[in-house]
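A.B. asks: Before I ask anything, here is the structure I am working with.
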Amino acid sequence: MAYDQIAAAVGFGQWAMPRLARELRDPDPVTRQRALAALCDLVHNPERIHEAVSQGFMEQLKFLLKDEDPSIKMKTTEVLYVLAAHSIGSQLLCSVGTLSQLLCSVGTLIQLLCSVGTLSQLLCTVGTLSQLLCTVGTLIQLLCSVGTLSQLLCTVGTLIQLLCSVGTLSQLLCSVRTLGGSLTQRSNALLSWDVLSSFSELLDEPFASYTNNIYRVLNRMASVPQGAEAIVVLDLVPRLMMRVSEEEEEEMLALLLSTISCCVSVDARPALACNGVLVLGRHLSHSSPHIRREAAAAMMAISVSMEGKQKVCEEAILPVLVNLLSDRDAEVQANAAGAIMFTAVITKGKFQCVELGVLPLLLGLVSKEEEEEDERRKWRQVVTVNSLRALTCLAEVPAVRPLLREHLPLLRGRTGSEEDEVVRRAAETAIEEITWTP
């Protein structure tokens, strides 16, 4: 194997990480860059990820994101991307560590401390005042990351009151260990939160060599609900929307749209506040099917909220979505049908869809599909389900119901025992709505 002259020499066994930790703090930028290259190779091993986290590498990476050398920033973001590629690293980076979660951990201790005994029993068991103060001091150290001073004092005050009913020292120490383990995990989460917040500053900078790595890390994190929530809370969605308007590279644009789609599924308000429907609508007619696919998925997610439904109607997005029902890509069709399905929930959306002549297209998508490969068949099933649900919404229009009754044989054909349960239930619901009479 050829020797990598860029990466730093790695110590043997348990000395590898401590040596890299020292080199990452070295004032020489070349040494830091070589250490980052070596670290990037090591963290491909999940066991090394645990070791890196326990030795405080996340804190160092956070500061390296603010390094003046662009090459160091690029290599740091590359390390974070490798971390995010592993399930262990992804969970670490996506942990939000909110105050409510910390207080929940404290609440666990409070429950454990309840209904045990008296303070006198505790003092008799502890033996000396110094031991008691040591125990309480441990508690205070563990609670230092809870929040503001007032919140800490309030929590400690509650604990002092509850200590009056504590029983044996063994029970107290067991509770302290339980809380300590939980708070240790949450402190790592808060550290990861700081790393994620550093991306906010980098996104404000002009396009650089490390920008693509940032997109990749954020996309990895947004793939899980905790990561998407963290991105929303840190107010990164408006910056991502701005990047969507400026990005020209197709691969990076698809990553941005995919990330926004995940974040909008958590909370659509930040995207709606920066004209998200209009920005996403511009990419629905992109020449690349990958871009159309991600843009339609984001549009479907944003149309779940009531404000999103109204914006889709107001910004004249429905005509574009109706055209996408004839797209050659099954996933594009599925996402477009889903967006129409959500928008047709409101009265304005129903009538706009009917005026655009969407009924024949939806009925065509519901018809039996031919034998296809597994991946395409999977998306064809989603197309069918979303189309059936869209027809169910449109059947609430009095003038549409008689038209759909003429196609009941087609819909009943999707209720056979050979059909997937989801398709069968969607078809039965549509039939029930179409055949309903006052």
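A note on labels: chains of the structure tokens are A, B, ... as shown, every chain counts residues from 1, and ligands are counted from 1 in their shown order.
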Would you return as number ranges by chain the members of segment 170-396 of chain A that DSSP assigns to alpha helix (DSSP H) on this structure's backbone?
C.D. replies: A: 170-203, 211-222, 225-233, 237-246, 250-266, 269-273, 276-281, 289-302, 306-314, 318-324, 330-343, 347-355, 359-366, 374-394
A.B. asks: With only C-alpha atoms counted and 12 Å as the cut-off, give the residues of segment 383-432 of chain A in contact with segment 303-326 of chain A, each with its shortest interatomic distance in Å and the pair that gives it, as a tab-separated table.
C.D. replies:
residue	atom	partner	partner_atom	distance
A:Val383	CA	A:Leu325	CA	9.2
A:Thr384	CA	A:Leu325	CA	11.4
A:Asn386	CA	A:Leu325	CA	11.1
A:Ser387	CA	A:Leu325	CA	9.6
A:Ala390	CA	A:Val322	CA	11.9
A.B. asks: Using only C-alpha atoms for the distances, tell me which of A:Val266, A:Ala330, A:Met252, A:Ala339 is nearest to Gly227 of chain A.
C.D. replies: A:Val266
A.B. asks: Would you mind listing what lies within 10 Å of Leu61 of chain A as a list of chain:residue names, with only C-alpha atoms counted and same-chain residues fewer than 3 positions away left out?
C.D. replies: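 Returned residues: A:Leu24, A:Leu36, A:Gly56, A:Phe57, A:Met58, A:Leu64, A:Leu65, A:Lys66, A:Asp67, A:Lys73, A:Lys75, A:Thr76, A:Thr77, A:Val79, A:Leu80, A:Ser192, A:Val195, A:Ser198.
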A.B. asks: Restricting it to C-alpha atoms, dump the selection as a PDB file, in the first residue's frame.
C.D. replies:
ATOM      1  CA  LEU A  24      -5.029  19.175  15.811  1.00  0.00           C
ATOM      2  CA  LEU A  36      -7.193  15.891   9.887  1.00  0.00           C
ATOM      3  CA  GLY A  56     -13.334  15.571  22.846  1.00  0.00           C
ATOM      4  CA  PHE A  57     -12.620  15.641  19.121  1.00  0.00           C
ATOM      5  CA  MET A  58     -16.003  17.229  18.411  1.00  0.00           C
ATOM      6  CA  LEU A  64     -11.318  24.035  13.213  1.00  0.00           C
ATOM      7  CA  LEU A  65     -14.459  25.013  11.300  1.00  0.00           C
ATOM      8  CA  LYS A  66     -13.498  28.610  12.133  1.00  0.00           C
ATOM      9  CA  ASP A  67      -9.877  28.201  11.008  1.00  0.00           C
ATOM     10  CA  LYS A  73     -12.071  23.935   6.836  1.00  0.00           C
ATOM     11  CA  LYS A  75     -10.828  18.704   5.552  1.00  0.00           C
ATOM     12  CA  THR A  76     -12.809  19.319   8.758  1.00  0.00           C
ATOM     13  CA  THR A  77     -16.097  19.202   6.879  1.00  0.00           C
ATOM     14  CA  VAL A  79     -14.321  14.413   8.599  1.00  0.00           C
ATOM     15  CA  LEU A  80     -17.808  15.449   9.695  1.00  0.00           C
ATOM     16  CA  SER A 192     -22.753  18.441  18.500  1.00  0.00           C
ATOM     17  CA  VAL A 195     -20.772  22.005  15.718  1.00  0.00           C
ATOM     18  CA  SER A 198     -20.934  26.568  13.162  1.00  0.00           C
TER      19      SER A 198
END
A.B. asks: Please report the interatomic distance between atom CA of Pro398 of chain A and atom CA of Ile340 of chain A in Å with one decimal.
C.D. replies: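 Taking atom CA of Pro398 of chain A and atom CA of Ile340 of chain A, their separation equals 18.7 Å.
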A.B. asks: Compare A:Glu421, A:Glu406, A:Asp329, A:Glu205 by their minimum atom-to-atom distance to Trp379 of chain A, counting only C-alpha atoms, and give me the closest one.
C.D. replies: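 For Trp379 of chain A, the nearest of the given residues is A:Asp329.
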A.B. asks: What does the distance from atom CA of Pro270 of chain A to atom CA of Lys350 of chain A come to in Å, to one decimal?
C.D. replies: 25.9 Å
A.B. asks: For Arg216 of chain A, which residue among A:Asp267, A:Glu250, A:Pro238, A:Val82 is the nearest when counting only C-alpha atoms?
C.D. replies: A:Val82
A.B. asks: For the atom pair atom CA of Pro402 of chain A and atom CA of Glu433 of chain A, what is the interatomic distance in Å to one decimal place?
C.D. replies: 11.3 Å
A.B. asks: Near Leu202 of chain A, within 12 Å and counting only C-alpha atoms, which residues show up once chain neighbours fewer than 2 positions away are dropped, as a PyMOL selection string?
C.D. replies: chain A and resi 62+64-68+70+73-74+77+195-200+204-215+236+239-240
A.B. asks: So that I can see what lies close to Arg405 of chain A, please list as a compact mmCIF listing (two decimals) with N, CA and C atoms, in the first residue's frame the residues with an atom at most 10 Å from it, counting only C-alpha atoms and leaving out residues fewer than 5 positions away in the same chain.
C.D. replies:
# COMPACT_ATOMS: atom_id res chain seq x y z
N ALA A 395 -63.62 14.02 -5.13
CA ALA A 395 -64.99 13.49 -5.17
C ALA A 395 -65.93 14.27 -4.25
N VAL A 400 -68.22 16.68 -9.54
CA VAL A 400 -67.21 15.67 -9.91
C VAL A 400 -67.69 14.27 -9.59
N LEU A 410 -63.17 0.62 -12.76
CA LEU A 410 -61.71 0.76 -12.67
C LEU A 410 -61.26 0.76 -11.21
N LEU A 411 -61.98 1.50 -10.38
CA LEU A 411 -61.59 1.60 -8.97
C LEU A 411 -61.82 0.28 -8.25
N ILE A 431 -64.02 4.72 -3.37
CA ILE A 431 -65.33 4.23 -3.78
C ILE A 431 -66.41 4.66 -2.80
N ILE A 434 -67.17 8.31 -3.46
CA ILE A 434 -67.81 8.54 -4.75
C ILE A 434 -69.27 8.09 -4.72
N THR A 435 -69.52 6.98 -4.06
CA THR A 435 -70.90 6.43 -4.03
C THR A 435 -71.75 7.02 -2.92
